[in-house]
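Have a look at final.txt below; it lists compact mmCIF, C-alpha atoms and all ligand atoms.
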# COMPACT_ATOMS: atom_id res chain seq x y z
CA MET A 1 66.65 67.68 87.31
CA GLY A 2 63.62 66.64 85.31
CA GLY A 3 60.07 65.87 86.35
CA GLY A 4 60.37 65.34 90.07
CA ARG A 5 57.78 64.33 92.59
CA GLY A 6 56.57 67.86 92.96
CA ALA A 7 55.72 67.97 89.30
CA HIS A 8 52.78 65.60 89.59
CA PHE A 9 49.56 66.36 91.26
CA SER A 10 48.10 63.47 93.11
CA LEU A 11 44.66 62.08 92.43
CA SER A 12 44.20 61.02 96.02
CA ARG A 13 42.44 63.28 98.44
CA PRO A 14 44.97 65.36 100.39
CA ALA A 15 44.85 65.11 104.16
CA PHE A 16 45.96 68.66 104.86
CA SER A 17 43.21 70.65 103.30
CA PRO A 18 39.72 69.76 102.14
CA ILE A 19 39.92 72.17 99.31
CA ILE A 20 42.74 71.12 97.15
CA PHE A 21 41.91 69.17 94.08
CA ALA A 22 44.34 67.68 91.71
CA SER A 23 44.37 65.29 88.87
CA TYR A 24 46.16 67.40 86.39
CA SER A 25 49.26 66.18 84.59
CA PRO A 26 51.56 69.04 83.72
CA SER A 27 53.30 69.37 80.40
CA THR A 28 56.81 68.15 79.78
CA ALA A 29 58.64 71.35 80.81
CA LYS A 30 61.90 70.69 82.62
CA ILE A 31 61.50 71.13 86.33
CA MET A 32 64.44 72.10 88.50
CA GLU A 33 64.78 70.28 91.81
CA THR A 34 66.38 71.90 94.81
CA SER A 35 69.49 70.46 96.39
CA VAL A 36 68.27 71.67 99.78
CA ARG A 37 66.55 69.08 101.96
CA ILE A 38 63.36 70.47 103.40
CA ALA A 39 60.52 68.81 105.20
CA SER A 40 57.52 70.33 103.48
CA ARG A 41 55.38 72.30 105.86
CA PHE A 42 52.34 71.17 103.89
CA PRO A 43 53.28 67.82 102.35
CA GLU A 44 49.75 67.02 101.23
CA MET A 45 48.88 70.39 99.80
CA GLY A 46 48.15 70.50 96.10
CA THR A 47 47.14 73.42 93.92
CA THR A 48 43.94 75.38 94.35
CA ILE A 49 41.02 74.04 92.34
CA PHE A 50 40.62 77.36 90.55
CA THR A 51 44.10 77.19 89.06
CA VAL A 52 43.76 73.50 88.24
CA MET A 53 40.45 73.87 86.41
CA SER A 54 41.34 77.07 84.57
CA ARG A 55 44.51 75.43 83.34
CA MET A 56 42.67 72.31 82.25
CA ALA A 57 40.07 74.49 80.48
CA ALA A 58 42.83 76.26 78.54
CA GLU A 59 44.51 72.98 77.59
CA CYS A 60 41.27 71.41 76.42
CA GLY A 61 39.95 74.52 74.68
CA ALA A 62 36.91 74.37 76.97
CA VAL A 63 34.64 77.30 77.76
CA ASN A 64 35.90 78.24 81.20
CA LEU A 65 32.98 78.56 83.61
CA SER A 66 35.10 77.25 86.49
CA GLN A 67 37.21 79.97 88.16
CA GLY A 68 35.18 83.00 89.18
CA PHE A 69 36.16 86.02 87.12
CA PRO A 70 34.41 88.17 84.50
CA ASP A 71 35.50 87.75 80.89
CA PHE A 72 34.33 91.28 80.05
CA GLN A 73 36.05 94.60 80.44
CA ALA A 74 35.57 97.16 83.21
CA GLU A 75 34.72 100.75 82.24
CA PRO A 76 37.52 102.78 80.62
CA ALA A 77 36.85 105.60 83.14
CA LEU A 78 38.52 103.46 85.78
CA PHE A 79 41.63 102.87 83.68
CA ASP A 80 41.81 106.54 82.67
CA ALA A 81 41.77 107.51 86.33
CA VAL A 82 44.68 105.17 87.20
CA HIS A 83 46.66 106.58 84.30
CA ARG A 84 45.89 110.15 85.34
CA TYR A 85 47.08 109.54 88.89
CA MET A 86 50.23 107.83 87.66
CA LEU A 87 51.05 110.80 85.41
CA ALA A 88 50.27 113.17 88.26
CA GLY A 89 53.06 111.51 90.23
CA ARG A 90 50.96 109.63 92.79
CA ASN A 91 53.30 106.66 92.60
CA GLN A 92 54.88 106.43 96.03
CA TYR A 93 53.78 104.49 99.09
CA ALA A 94 50.24 105.11 100.23
CA PRO A 95 49.70 105.33 103.99
CA MET A 96 49.75 101.87 105.57
CA ALA A 97 45.98 101.78 106.15
CA GLY A 98 45.18 102.98 102.64
CA MET A 99 44.74 106.28 100.78
CA PRO A 100 42.60 108.65 102.88
CA GLU A 101 40.44 109.39 99.82
CA LEU A 102 39.61 105.71 99.38
CA ARG A 103 38.98 105.11 103.05
CA ALA A 104 36.60 108.09 103.09
CA ALA A 105 34.74 106.72 100.08
CA ILE A 106 34.45 103.29 101.76
CA VAL A 107 33.11 104.89 104.96
CA ASP A 108 30.48 106.80 102.97
CA LYS A 109 29.41 103.74 101.01
CA VAL A 110 29.10 101.53 104.09
CA ALA A 111 27.17 104.28 105.94
CA ALA A 112 24.78 104.78 103.02
CA LEU A 113 24.11 101.06 102.63
CA TYR A 114 24.20 99.67 106.14
CA GLY A 115 23.68 102.72 108.40
CA ALA A 116 26.98 102.36 110.29
CA ARG A 117 29.62 105.09 110.00
CA PHE A 118 33.10 103.66 110.62
CA ASP A 119 36.02 105.92 111.46
CA ALA A 120 38.24 106.29 108.38
CA GLU A 121 41.37 106.71 110.51
CA SER A 122 41.08 103.74 112.82
CA GLU A 123 38.40 101.40 111.47
CA VAL A 124 39.12 100.91 107.74
CA THR A 125 42.12 99.25 106.06
CA VAL A 126 42.70 98.80 102.34
CA THR A 127 44.10 95.36 101.51
CA ALA A 128 45.60 93.50 98.57
CA GLY A 129 42.28 91.80 97.84
CA ALA A 130 40.01 89.81 100.11
CA THR A 131 42.36 86.81 100.24
CA GLN A 132 45.04 88.85 101.97
CA ALA A 133 42.46 90.44 104.25
CA ILE A 134 41.21 87.01 105.31
CA PHE A 135 44.71 85.64 105.83
CA THR A 136 45.77 88.72 107.80
CA ALA A 137 42.70 88.64 110.03
CA ILE A 138 43.27 84.97 110.79
CA ALA A 139 46.96 85.57 111.51
CA ALA A 140 46.07 88.48 113.79
CA PHE A 141 43.54 86.66 115.95
CA VAL A 142 44.10 82.91 115.77
CA ARG A 143 46.86 81.32 117.84
CA PRO A 144 48.15 77.75 117.86
CA GLY A 145 45.49 75.42 119.23
CA ASP A 146 42.64 77.89 118.71
CA GLU A 147 39.53 76.66 116.95
CA VAL A 148 37.84 78.45 114.08
CA ILE A 149 34.31 77.52 113.00
CA VAL A 150 33.77 77.51 109.23
CA PHE A 151 30.71 76.54 107.20
CA GLU A 152 30.88 73.85 104.56
CA PRO A 153 31.01 74.07 101.62
CA VAL A 154 33.84 76.42 102.62
CA TYR A 155 35.71 78.86 100.36
CA ASP A 156 39.11 77.45 99.60
CA SER A 157 41.45 79.92 101.29
CA TYR A 158 40.05 79.82 104.82
CA VAL A 159 41.25 76.46 106.10
CA PRO A 160 44.83 76.67 104.78
CA ALA A 161 45.13 80.11 106.44
CA ILE A 162 43.83 78.76 109.75
CA GLU A 163 46.19 75.79 109.62
CA THR A 164 49.17 77.94 108.62
CA VAL A 165 48.94 79.78 111.93
CA GLY A 166 48.44 76.56 113.90
CA GLY A 167 44.69 76.87 114.36
CA LYS A 168 42.13 74.10 113.90
CA ALA A 169 39.17 74.35 111.56
CA VAL A 170 35.89 73.10 113.01
CA TYR A 171 33.25 72.34 110.40
CA ALA A 172 29.62 73.41 110.54
CA GLN A 173 27.41 72.23 107.68
CA LEU A 174 25.19 74.32 105.47
CA ARG A 175 22.11 72.18 104.84
CA PHE A 176 21.79 70.71 101.37
CA PRO A 177 20.11 71.64 99.04
CA ASP A 178 19.38 75.25 100.04
CA TYR A 179 22.60 75.59 102.04
CA THR A 180 21.18 77.36 105.08
CA PRO A 181 22.92 77.27 108.48
CA ASP A 182 21.61 75.23 111.39
CA TRP A 183 22.44 77.44 114.36
CA GLU A 184 21.62 74.81 116.95
CA SER A 185 24.30 72.51 115.61
CA VAL A 186 26.72 75.43 115.29
CA GLN A 187 26.15 76.15 118.96
CA GLN A 188 27.30 72.59 119.77
CA LEU A 189 30.65 73.32 118.12
CA ILE A 190 31.58 76.20 120.41
CA THR A 191 34.21 75.35 123.02
CA PRO A 192 36.46 77.43 125.28
CA ARG A 193 39.03 77.22 122.46
CA THR A 194 36.80 78.79 119.81
CA ARG A 195 38.53 82.00 118.77
CA MET A 196 36.79 82.88 115.54
CA ILE A 197 33.81 82.08 113.33
CA ILE A 198 33.96 82.79 109.60
CA VAL A 199 30.76 83.59 107.74
CA ASN A 200 30.35 84.30 104.04
CA SER A 201 27.22 85.84 102.52
CA PRO A 202 26.38 85.89 99.65
CA HIS A 203 28.01 82.50 99.77
CA ASN A 204 30.59 81.05 97.41
CA PRO A 205 30.07 78.41 96.03
CA THR A 206 26.37 77.95 96.85
CA GLY A 207 24.80 81.38 96.20
CA SER A 208 22.92 81.18 99.52
CA LEU A 209 22.38 84.17 101.81
CA LEU A 210 22.37 84.86 105.52
CA SER A 211 19.22 86.68 106.63
CA ALA A 212 18.71 89.30 109.33
CA VAL A 213 17.28 86.48 111.48
CA ASP A 214 20.48 84.46 111.00
CA LEU A 215 22.52 87.44 112.19
CA ASP A 216 20.36 87.78 115.30
CA LYS A 217 20.88 84.09 116.06
CA LEU A 218 24.61 84.41 115.56
CA ALA A 219 24.76 87.49 117.81
CA LYS A 220 22.83 85.72 120.54
CA MET A 221 25.05 82.66 120.30
CA LEU A 222 28.23 84.72 120.66
CA ARG A 223 27.00 86.95 123.50
CA GLY A 224 29.38 86.77 126.45
CA THR A 225 32.15 85.03 124.46
CA ASN A 226 35.43 86.42 123.10
CA ILE A 227 34.84 85.02 119.64
CA VAL A 228 35.77 87.27 116.73
CA VAL A 229 33.65 87.10 113.58
CA LEU A 230 35.31 87.28 110.18
CA SER A 231 32.63 88.13 107.64
CA ASP A 232 33.50 87.60 104.00
CA GLU A 233 31.12 89.86 102.08
CA VAL A 234 32.91 90.11 98.75
CA TYR A 235 29.61 89.56 96.89
CA GLU A 236 27.76 92.18 98.97
CA HIS A 237 26.33 93.88 95.86
CA ILE A 238 25.29 90.73 94.00
CA LEU A 239 21.92 89.61 95.37
CA PHE A 240 18.91 88.71 93.26
CA ASP A 241 15.13 89.03 93.18
CA GLY A 242 15.10 92.11 95.40
CA GLU A 243 16.89 90.43 98.34
CA GLN A 244 18.75 92.80 100.65
CA HIS A 245 22.26 92.05 101.86
CA ALA A 246 22.37 91.45 105.62
CA SER A 247 25.81 92.95 106.26
CA LEU A 248 27.39 92.46 109.63
CA CYS A 249 28.27 96.18 109.37
CA GLY A 250 24.59 96.93 109.83
CA HIS A 251 24.18 94.72 112.92
CA ALA A 252 25.50 96.80 115.82
CA GLU A 253 26.08 93.90 118.20
CA LEU A 254 27.92 91.77 115.62
CA ALA A 255 29.81 94.73 114.12
CA ALA A 256 31.41 95.31 117.50
CA ARG A 257 33.15 91.90 117.27
CA SER A 258 33.65 91.60 113.50
CA ILE A 259 36.11 92.22 110.74
CA VAL A 260 34.08 92.64 107.54
CA VAL A 261 35.82 91.99 104.23
CA SER A 262 34.97 93.24 100.73
CA SER A 263 36.74 93.21 97.36
CA PHE A 264 36.79 95.69 94.49
CA GLY A 265 37.63 92.78 92.22
CA LYS A 266 34.05 91.50 92.40
CA THR A 267 32.33 94.85 92.42
CA TYR A 268 34.10 96.55 89.52
CA HIS A 269 35.07 93.55 87.35
CA ILE A 270 38.78 93.85 88.15
CA THR A 271 39.71 90.63 89.95
CA GLY A 272 43.29 90.99 88.70
CA TRP A 273 43.84 94.25 90.55
CA LYS A 274 43.67 92.48 93.92
CA ILE A 275 42.36 95.38 95.98
CA GLY A 276 39.87 95.03 98.78
CA TYR A 277 39.24 96.37 102.24
CA VAL A 278 38.22 95.54 105.77
CA VAL A 279 36.17 97.49 108.29
CA GLY A 280 35.86 96.75 111.99
CA PRO A 281 36.04 98.29 115.45
CA ALA A 282 39.23 100.19 116.24
CA ASP A 283 40.63 97.71 118.76
CA LEU A 284 40.27 94.79 116.36
CA MET A 285 41.55 96.90 113.47
CA ALA A 286 44.65 97.85 115.47
CA GLU A 287 45.48 94.14 115.80
CA PHE A 288 44.73 93.55 112.13
CA ARG A 289 47.12 96.32 111.12
CA LYS A 290 49.93 94.90 113.23
CA VAL A 291 50.03 91.99 110.81
CA HIS A 292 49.03 93.91 107.68
CA GLN A 293 51.91 96.38 108.02
CA PHE A 294 54.51 93.62 107.87
CA ASN A 295 53.09 91.34 105.25
CA VAL A 296 51.83 93.94 102.78
CA PHE A 297 52.41 97.36 104.32
CA THR A 298 50.38 99.13 101.65
CA VAL A 299 48.58 98.63 98.36
CA HIS A 300 49.06 100.04 94.82
CA ALA A 301 48.58 103.81 95.27
CA PRO A 302 47.27 105.09 91.91
CA SER A 303 44.66 102.33 91.78
CA GLN A 304 43.42 103.32 95.22
CA LEU A 305 42.98 106.92 94.10
CA ALA A 306 41.21 105.83 90.94
CA LEU A 307 38.85 103.61 92.93
CA ALA A 308 38.11 106.48 95.33
CA ASP A 309 36.92 108.59 92.36
CA TYR A 310 35.07 105.73 90.75
CA MET A 311 33.17 104.91 93.95
CA GLN A 312 31.60 108.36 94.03
CA ASP A 313 29.00 107.19 91.54
CA HIS A 314 26.96 104.81 93.68
CA SER A 315 24.95 103.58 90.72
CA ARG A 316 28.01 101.52 89.79
CA HIS A 317 27.72 99.22 92.78
CA LEU A 318 23.97 99.62 93.14
CA GLY A 319 23.44 98.49 89.54
CA LEU A 320 25.44 95.32 89.93
CA ALA A 321 22.57 93.16 91.18
CA ALA A 322 20.41 93.87 88.13
CA PHE A 323 23.39 93.44 85.82
CA TYR A 324 24.16 89.98 87.18
CA GLN A 325 20.53 88.96 87.60
CA GLU A 326 20.16 89.26 83.84
CA LYS A 327 23.16 86.99 83.38
CA ARG A 328 21.93 84.54 85.99
CA ASP A 329 18.52 84.27 84.33
CA PHE A 330 20.04 83.96 80.88
CA PHE A 331 22.32 81.15 82.04
CA ARG A 332 19.63 79.39 84.06
CA ASN A 333 17.48 79.27 80.93
CA ILE A 334 20.33 77.62 79.09
CA LEU A 335 20.86 75.05 81.85
CA ALA A 336 17.14 74.42 82.21
CA ALA A 337 17.16 72.85 78.73
CA THR A 338 19.80 70.31 79.79
CA PRO A 339 19.51 67.33 82.16
CA PHE A 340 21.20 69.35 84.93
CA GLU A 341 19.02 70.12 87.93
CA LEU A 342 19.32 73.76 88.94
CA LEU A 343 19.76 74.65 92.60
CA PRO A 344 18.64 78.05 93.93
CA CYS A 345 20.95 81.02 93.26
CA ARG A 346 20.13 83.99 95.50
CA GLY A 347 23.44 85.85 95.16
CA THR A 348 27.07 85.74 93.85
CA TYR A 349 27.88 84.97 90.23
CA PHE A 350 27.83 81.22 90.69
CA GLN A 351 25.17 78.69 89.78
CA LEU A 352 25.11 75.22 91.30
CA ALA A 353 23.62 72.27 89.45
CA ARG A 354 23.11 68.57 90.23
CA TYR A 355 24.15 66.15 87.57
CA ASP A 356 22.84 62.82 88.85
CA ARG A 357 20.61 62.50 85.75
CA ILE A 358 23.74 62.70 83.59
CA SER A 359 26.36 60.61 85.33
CA ASP A 360 27.18 58.66 88.46
CA LEU A 361 30.83 59.72 88.42
CA PRO A 362 32.19 61.38 91.57
CA ASP A 363 32.00 65.14 91.12
CA ARG A 364 35.72 65.71 90.55
CA GLU A 365 35.82 63.14 87.79
CA PHE A 366 32.61 64.56 86.39
CA ALA A 367 34.15 68.06 86.30
CA GLU A 368 37.14 66.70 84.39
CA TRP A 369 34.88 64.82 82.03
CA MET A 370 32.80 67.93 81.42
CA THR A 371 35.94 69.89 80.63
CA ARG A 372 37.49 67.30 78.32
CA GLU A 373 34.46 65.74 76.66
CA ILE A 374 31.77 68.41 76.72
CA GLY A 375 34.09 71.40 76.56
CA VAL A 376 32.71 73.35 79.51
CA ALA A 377 34.88 73.66 82.62
CA VAL A 378 33.16 73.64 86.03
CA ILE A 379 34.14 73.37 89.70
CA PRO A 380 33.26 70.20 91.69
CA VAL A 381 31.67 71.23 94.98
CA SER A 382 33.08 68.38 97.09
CA VAL A 383 36.46 70.14 97.09
CA PHE A 384 34.94 72.69 99.45
CA THR A 385 34.42 70.02 102.12
CA HIS A 386 36.91 68.39 104.47
CA ASP A 387 35.57 64.86 104.03
CA GLY A 388 34.92 64.94 100.31
CA ARG A 389 31.15 64.86 100.78
CA ASP A 390 29.79 64.51 97.29
CA ASP A 391 26.20 65.59 96.56
CA LYS A 392 26.87 65.33 92.79
CA VAL A 393 26.86 69.07 92.39
CA VAL A 394 29.08 71.32 90.25
CA ARG A 395 29.51 75.10 90.16
CA PHE A 396 29.24 77.25 87.04
CA CYS A 397 30.43 80.88 86.92
CA PHE A 398 28.07 83.06 84.86
CA ALA A 399 30.11 86.31 85.08
CA LYS A 400 30.62 86.02 81.34
CA LYS A 401 29.70 87.74 78.10
CA GLU A 402 26.47 86.57 76.52
CA GLU A 403 28.43 85.03 73.68
CA THR A 404 30.50 82.97 76.14
CA LEU A 405 27.37 81.70 77.87
CA LEU A 406 25.84 80.89 74.49
CA ALA A 407 28.98 79.01 73.44
CA ALA A 408 28.76 77.01 76.66
CA GLY A 409 25.07 76.38 75.93
CA GLU A 410 25.91 75.02 72.48
CA ARG A 411 28.31 72.53 74.02
CA LEU A 412 25.96 71.60 76.83
CA ARG A 413 23.47 70.47 74.18
CA ARG A 414 25.75 67.48 73.72
CA LEU A 415 24.33 66.27 77.01
CA GLY A 416 20.94 65.87 75.40
CA ASP A 417 17.63 67.34 76.41
CA ARG A 418 16.19 67.58 79.86
CA ALA A 419 15.49 64.03 81.01
N1 LIG B 501 36.20 85.25 99.34
C1 LIG B 501 35.36 84.72 98.44
C2 LIG B 501 34.10 84.10 98.94
C3 LIG B 501 35.68 84.75 97.09
O1 LIG B 501 34.86 84.20 96.21
C4 LIG B 501 36.88 85.34 96.68
C5 LIG B 501 37.33 85.37 95.24
N2 LIG B 501 36.48 85.05 94.32
C6 LIG B 501 37.71 85.89 97.63
C7 LIG B 501 37.36 85.81 98.96
C8 LIG B 501 39.02 86.50 97.25
O2 LIG B 501 38.88 87.78 96.73
P1 LIG B 501 40.14 88.57 96.16
O3 LIG B 501 40.26 88.20 94.73
O4 LIG B 501 39.78 90.02 96.35
O5 LIG B 501 41.32 88.15 96.95
N1 LIG B 502 37.14 83.26 94.17
C1 LIG B 502 37.23 82.81 92.83
C2 LIG B 502 36.30 81.62 92.67
O1 LIG B 502 35.62 81.25 93.57
C3 LIG B 502 38.62 82.40 92.43
C4 LIG B 502 39.73 83.08 93.10
C5 LIG B 502 41.00 82.31 92.89
O2 LIG B 502 41.26 81.86 91.80
N2 LIG B 502 41.74 82.15 93.92
O3 LIG B 502 36.26 81.04 91.62
Any chance you could give the structure as structure tokens?
Amino acid sequence: MGGGRGAHFSLSRPAFSPIIFASYSPSTAKIMETSVRIASRFPEMGTTIFTVMSRMAAECGAVNLSQGFPDFQAEPALFDAVHRYMLAGRNQYAPMAGMPELRAAIVDKVAALYGARFDAESEVTVTAGATQAIFTAIAAFVRPGDEVIVFEPVYDSYVPAIETVGGKAVYAQLRFPDYTPDWESVQQLITPRTRMIIVNSPHNPTGSLLSAVDLDKLAKMLRGTNIVVLSDEVYEHILFDGEQHASLCGHAELAARSIVVSSFGKTYHITGWKIGYVVGPADLMAEFRKVHQFNVFTVHAPSQLALADYMQDHSRHLGLAAFYQEKRDFFRNILAATPFELLPCRGTYFQLARYDRISDLPDREFAEWMTREIGVAVIPVSVFTHDGRDDKVVRFCFAKKEETLLAAGERLRRLGDRA
């Protein structure tokens, strides 16, 4: 017993996944070691950056702008509705694909926004958040030896999911500093083994967007192939400066080969509820559900009913862009007074900034230093790459109360004025 090997995160870059970051030393709690000998399936895997940085923020008393979650409350109407459905006895298993009321509300929303009416029976599935949806889609379509194209910087759950099912991640690069795709180089990555391509717009961590022109290029590139598209659109309602979301739902040719993922966590400020959904053509959805039914079966019933009611008021998701644009602008003004160099932020609730005028530390060390010495926790962007490519950029989450952003601003003044 006692602090065993597993208790210490390694500072070295893990070989298994590009995403995992670790330099955190846990407290002195007694750790129990197993007497069973197992060869770890993922010997190099550490702990997700979001957990590592949030924990470090708490230990250092830093303002936590690292992990992406709002620090403000959702509307009480949503909580009242869950309570009402619980008291009304709606507490048993929902149908495997999700409550019909919620699926109908999703179909209506997608039709109103993107002009495509999916079939609530066969083309919509409610999931335990987007993470499960992504994992399930990968497990349903990717077999050992298959290749999956992802774009770097890449959200941290994709590659571990691909590798868990024996697939191989193939890395396309979003071009620094505006993080746009280069479709000609993506085309070079396609082989007979390519099974899937994963796109994410608005993009975490960079805040970049795919345009309608990008979707046309992607559609053309995939014509005649059997490649499935997994489109992570969890920030579909958070786009700024009047930009319109180019959903794959609204692109008939791509929609016919895509599973599109969204998350109520982002849209209604309830990341802890872990409820999301996927839409896609019936034949792909049938395969998705084969996996879904045995790893989740179904999702928290009263919350689904509450969300179905809550979704009826479309102003709630339609107002999100303006709500977050105000926060983005407020936070950008704060950062603009510091030596950070702001990168564009066209969507999501993340702001990237270059710090080369502040420090020449590698970005992971810089993020730790920021957390410990400045008192503001951030995410280093190199952890979203397989080779540790370091452009000296960190990610801030601005889904925070004004007072939180102001408190961060106070601390950031320790960095001095804009150089
Ligand atoms: N994809 C992206 C791009 C995300 O940023 C997140 C979470 N922030 C997820 C998926 C996971 O969403 P959920 O919390 O619904 O699992
Ligand atoms: N998606 C969130 C982010 O990017 C975090 C989710 C998580 O902690 N797994 O910060």
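Picture a line from atom CA of A:Val126 to atom CA of A:Thr48; it runs 24.8 Å.
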Item to complete: Would you mind reading off the distance between atom CA of A:Gly319 and atom CA of A:His237, one decimal, in Å?
Response: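 Between atom CA of A:Gly319 and atom CA of A:His237 the gap is 8.3 Å.
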Item to complete: Residues up to 10 Å from ligand LIG 501 (chain B), counting all atoms listed in the file: could you list those as a PyMOL selection string?
Response: chain A and resi 50+67-69+127-135+154-158+199-205+231-235+261-267+270-277+348-350
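Between atom CA of A:Arg346 and atom CA of A:Leu209 the interatomic distance comes to 6.7 Å.
By chain and then residue number, the residues within 12 Å of A:Leu343 are Phe176, Pro177, Asp178, Tyr179, Pro205, Thr206, Gly207, Ser208, Arg332, Leu335, Ala336, Phe350, Gln351, Leu352, Ala353, Arg354, Tyr355, Asp391, Lys392, Val393, Val394, Arg395 and Phe396 of chain A, counting all atoms listed in the file and disregarding those fewer than 4 positions away in sequence.
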Worksheet item: Using all atoms listed in the file, which of A:Ser359, A:Thr164, A:Gln312, A:Asn64 sits nearest A:Val107?
Response: A:Gln312
Could you give me the axis-aligned bounding box of stretch 60-71 of chain A, with 3 Å of padding per side, as centre plus edge lengths in Å to one decimal, as AutoDock Vina command-line options?
--center_x 37.1 --center_y 79.8 --center_z 81.9 --size_x 14.3 --size_y 22.8 --size_z 20.5
Restricted to all heavy atoms, what does stretch 173-179 of chain A look like when written out as a PDB file, in the first residue's frame?
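File produced: selection_14.pdb:
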ATOM      1  N   GLN A 173      -3.665  19.022 -40.242  1.00  0.00           N
ATOM      2  CA  GLN A 173      -3.329  20.212 -39.443  1.00  0.00           C
ATOM      3  C   GLN A 173      -4.232  21.384 -39.802  1.00  0.00           C
ATOM      4  O   GLN A 173      -4.419  21.683 -40.975  1.00  0.00           O
ATOM      5  CB  GLN A 173      -1.872  20.636 -39.687  1.00  0.00           C
ATOM      6  CG  GLN A 173      -0.849  19.579 -39.335  1.00  0.00           C
ATOM      7  CD  GLN A 173      -0.917  19.159 -37.865  1.00  0.00           C
ATOM      8  OE1 GLN A 173      -1.050  20.005 -36.979  1.00  0.00           O
ATOM      9  NE2 GLN A 173      -0.824  17.859 -37.611  1.00  0.00           N
ATOM     10  N   LEU A 174      -4.792  22.016 -38.768  1.00  0.00           N
ATOM     11  CA  LEU A 174      -5.420  23.317 -38.985  1.00  0.00           C
ATOM     12  C   LEU A 174      -4.287  24.337 -39.022  1.00  0.00           C
ATOM     13  O   LEU A 174      -3.353  24.256 -38.218  1.00  0.00           O
ATOM     14  CB  LEU A 174      -6.410  23.628 -37.861  1.00  0.00           C
ATOM     15  CG  LEU A 174      -7.625  22.700 -37.791  1.00  0.00           C
ATOM     16  CD1 LEU A 174      -8.465  23.009 -36.550  1.00  0.00           C
ATOM     17  CD2 LEU A 174      -8.478  22.805 -39.048  1.00  0.00           C
ATOM     18  N   ARG A 175      -4.370  25.285 -39.966  1.00  0.00           N
ATOM     19  CA  ARG A 175      -3.231  26.178 -40.188  1.00  0.00           C
ATOM     20  C   ARG A 175      -3.171  27.312 -39.171  1.00  0.00           C
ATOM     21  O   ARG A 175      -4.112  28.098 -39.068  1.00  0.00           O
ATOM     22  CB  ARG A 175      -3.314  26.776 -41.596  1.00  0.00           C
ATOM     23  CG  ARG A 175      -2.944  25.770 -42.669  1.00  0.00           C
ATOM     24  CD  ARG A 175      -3.177  26.331 -44.056  1.00  0.00           C
ATOM     25  NE  ARG A 175      -4.600  26.601 -44.284  1.00  0.00           N
ATOM     26  CZ  ARG A 175      -5.151  26.655 -45.493  1.00  0.00           C
ATOM     27  NH1 ARG A 175      -4.418  26.471 -46.564  1.00  0.00           N
ATOM     28  NH2 ARG A 175      -6.439  26.907 -45.623  1.00  0.00           N
ATOM     29  N   PHE A 176      -2.084  27.365 -38.452  1.00  0.00           N
ATOM     30  CA  PHE A 176      -1.828  28.448 -37.508  1.00  0.00           C
ATOM     31  C   PHE A 176      -1.617  29.738 -38.299  1.00  0.00           C
ATOM     32  O   PHE A 176      -0.963  29.711 -39.336  1.00  0.00           O
ATOM     33  CB  PHE A 176      -0.563  28.098 -36.690  1.00  0.00           C
ATOM     34  CG  PHE A 176      -0.198  29.115 -35.666  1.00  0.00           C
ATOM     35  CD1 PHE A 176      -0.860  29.151 -34.448  1.00  0.00           C
ATOM     36  CD2 PHE A 176       0.793  30.054 -35.926  1.00  0.00           C
ATOM     37  CE1 PHE A 176      -0.526  30.098 -33.504  1.00  0.00           C
ATOM     38  CE2 PHE A 176       1.124  31.002 -34.978  1.00  0.00           C
ATOM     39  CZ  PHE A 176       0.462  31.019 -33.762  1.00  0.00           C
ATOM     40  N   PRO A 177      -2.089  30.923 -37.874  1.00  0.00           N
ATOM     41  CA  PRO A 177      -2.766  31.165 -36.606  1.00  0.00           C
ATOM     42  C   PRO A 177      -4.291  31.252 -36.701  1.00  0.00           C
ATOM     43  O   PRO A 177      -4.930  31.474 -35.685  1.00  0.00           O
ATOM     44  CB  PRO A 177      -2.196  32.530 -36.194  1.00  0.00           C
ATOM     45  CG  PRO A 177      -2.013  33.247 -37.494  1.00  0.00           C
ATOM     46  CD  PRO A 177      -1.691  32.188 -38.532  1.00  0.00           C
ATOM     47  N   ASP A 178      -4.867  31.091 -37.924  1.00  0.00           N
ATOM     48  CA  ASP A 178      -6.339  31.201 -37.956  1.00  0.00           C
ATOM     49  C   ASP A 178      -7.016  29.829 -37.910  1.00  0.00           C
ATOM     50  O   ASP A 178      -8.232  29.736 -37.874  1.00  0.00           O
ATOM     51  CB  ASP A 178      -6.823  32.030 -39.149  1.00  0.00           C
ATOM     52  CG  ASP A 178      -6.368  31.427 -40.467  1.00  0.00           C
ATOM     53  OD1 ASP A 178      -5.600  30.432 -40.432  1.00  0.00           O
ATOM     54  OD2 ASP A 178      -6.769  31.926 -41.522  1.00  0.00           O
ATOM     55  N   TYR A 179      -6.219  28.787 -37.926  1.00  0.00           N
ATOM     56  CA  TYR A 179      -6.703  27.417 -37.730  1.00  0.00           C
ATOM     57  C   TYR A 179      -7.793  27.030 -38.742  1.00  0.00           C
ATOM     58  O   TYR A 179      -8.869  26.553 -38.387  1.00  0.00           O
ATOM     59  CB  TYR A 179      -7.205  27.214 -36.293  1.00  0.00           C
ATOM     60  CG  TYR A 179      -6.108  27.383 -35.263  1.00  0.00           C
ATOM     61  CD1 TYR A 179      -5.988  28.553 -34.524  1.00  0.00           C
ATOM     62  CD2 TYR A 179      -5.166  26.372 -35.041  1.00  0.00           C
ATOM     63  CE1 TYR A 179      -4.984  28.715 -33.578  1.00  0.00           C
ATOM     64  CE2 TYR A 179      -4.154  26.523 -34.107  1.00  0.00           C
ATOM     65  CZ  TYR A 179      -4.073  27.703 -33.376  1.00  0.00           C
ATOM     66  OH  TYR A 179      -3.086  27.859 -32.442  1.00  0.00           O
TER      67      TYR A 179
END
